[in-house]
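Here's the structure we're looking at; comments come further down.
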Amino acid sequence: MLAVLLIGSIAHFFIFRFFIHRSTDDILYEHKQHIENYVTLNDTLVPSSKSVIQPPRVEERQIDNPTLYAERLKDTVLYSESTGEFVPYRQLYFTVSYNGKSYLVNINQPTVETDVLMYAVVTSLIVLFILFTLFTYILGKYVKNRLWAPFYRLLNAVQSYDFQKTEKMQLSDSGTVEFDDLNHVINRMV
């Protein structure tokens with residue numbers, strides 16, 4: 001069970017990370033579309049004060065040959081002025097052209113920190129492990145007390161039976177076919 005939970009933790013981490021990246025990437029592509037539409041209409045890049053990304057994390061740099069720069073996504077860490085720490089970001093690089101020049105645009109979107117994600121995954125799996133263990137314990141007690149009760153009654157009857165007497169052993173039907181068959185076999189043997 002621990003091996004399954006370990007493998008499950010690793011799988012959860014990568015599944016969560018995939019969906020978080022996918023969600024962040026969708027936001028970045030939406031911002032990209034907004035920027036491209038603005039550039040097409042205004043022949044300039046969106047001013048930082050009008051940017052839909054707040055705080056503005058749009059960077060541009062003039063380039064000579066836009067074919068050398070393919071659109072790409074990557075993970076990075078950037079310093080956050082508000083928290084005073086380095087925060088993980090997802091970046092999208094793409095090219096735009098305006099005023100007869102080509103620019104490499106980089107937009108950034110904060111994402112979930114890896115250690116926070118790992119903490120969430122491990123915590124959820126520990127809770128799941130505790131619930132699974134508790135459920136297994138309760139189910140085991142139920143099975144032992146409820147389902148095996150006819151067997152223990154039969155065992156007590158056999159242990160307390162005096163074989164010197166010739167009377168028939170009093171065994172009641174349990175409602176379980178296997179235990180009832182065992183009762184009949186023991187009565188024939190006696």
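Here, A, B, ... name the chains of the structure tokens in the order displayed, residue numbers run from 1 inside each chain, and ligands are numbered from 1 in the same displayed order.
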Exercise. Taking the backbone alone, and naming residues the way the document does, which bits of chain A are strand (DSSP E or B) by DSSP, as a VMD selection string?
Worked result: chain A and resid 58 to 63 72 to 80 85 to 98 101 to 110
For this session: Using only C-alpha atoms, determine which residues lie at most 12 Å from region 132-134 of chain A, disregarding the query and same-chain residues fewer than 6 positions distant; provide the list as a ChimeraX atom specification.
Result: /A:1-2,5,125-126,140-141
Problem set entry | Atom pair CA of Val77 (chain A) / CA of Phe16 (chain A): separation (Å) |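 Separating CA of Val77 (chain A) from CA of Phe16 (chain A) is a distance of 19.0 Å.
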Problem set entry | Surrounding residues of Thr44 (chain A) excluding itself and chain neighbours under 3 positions, 9 Å, only C-alpha atoms, as a list of chain:residue names |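 Answer for this query is A:Tyr38, A:Val39, A:Thr40, A:Leu41, A:Pro47, A:Ser97, A:Tyr98, A:Asn99.
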Exercise. What are the DSSP helix (DSSP H, G or I) residues of chain A, as a count of residues only?
Worked result: 106
Exercise. With distances taken over only C-alpha atoms, which of A:Tyr161, A:Pro150, A:Asn156, A:Ala70 is nearest to Glu178 (chain A)?
Worked result: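 Among A:Tyr161, A:Pro150, A:Asn156, A:Ala70, it is A:Pro150 that comes nearest to Glu178 (chain A).
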Problem set entry | d(CA of Ser160 (chain A), CA of Trp148 (chain A)) in Å | 18.5 Å
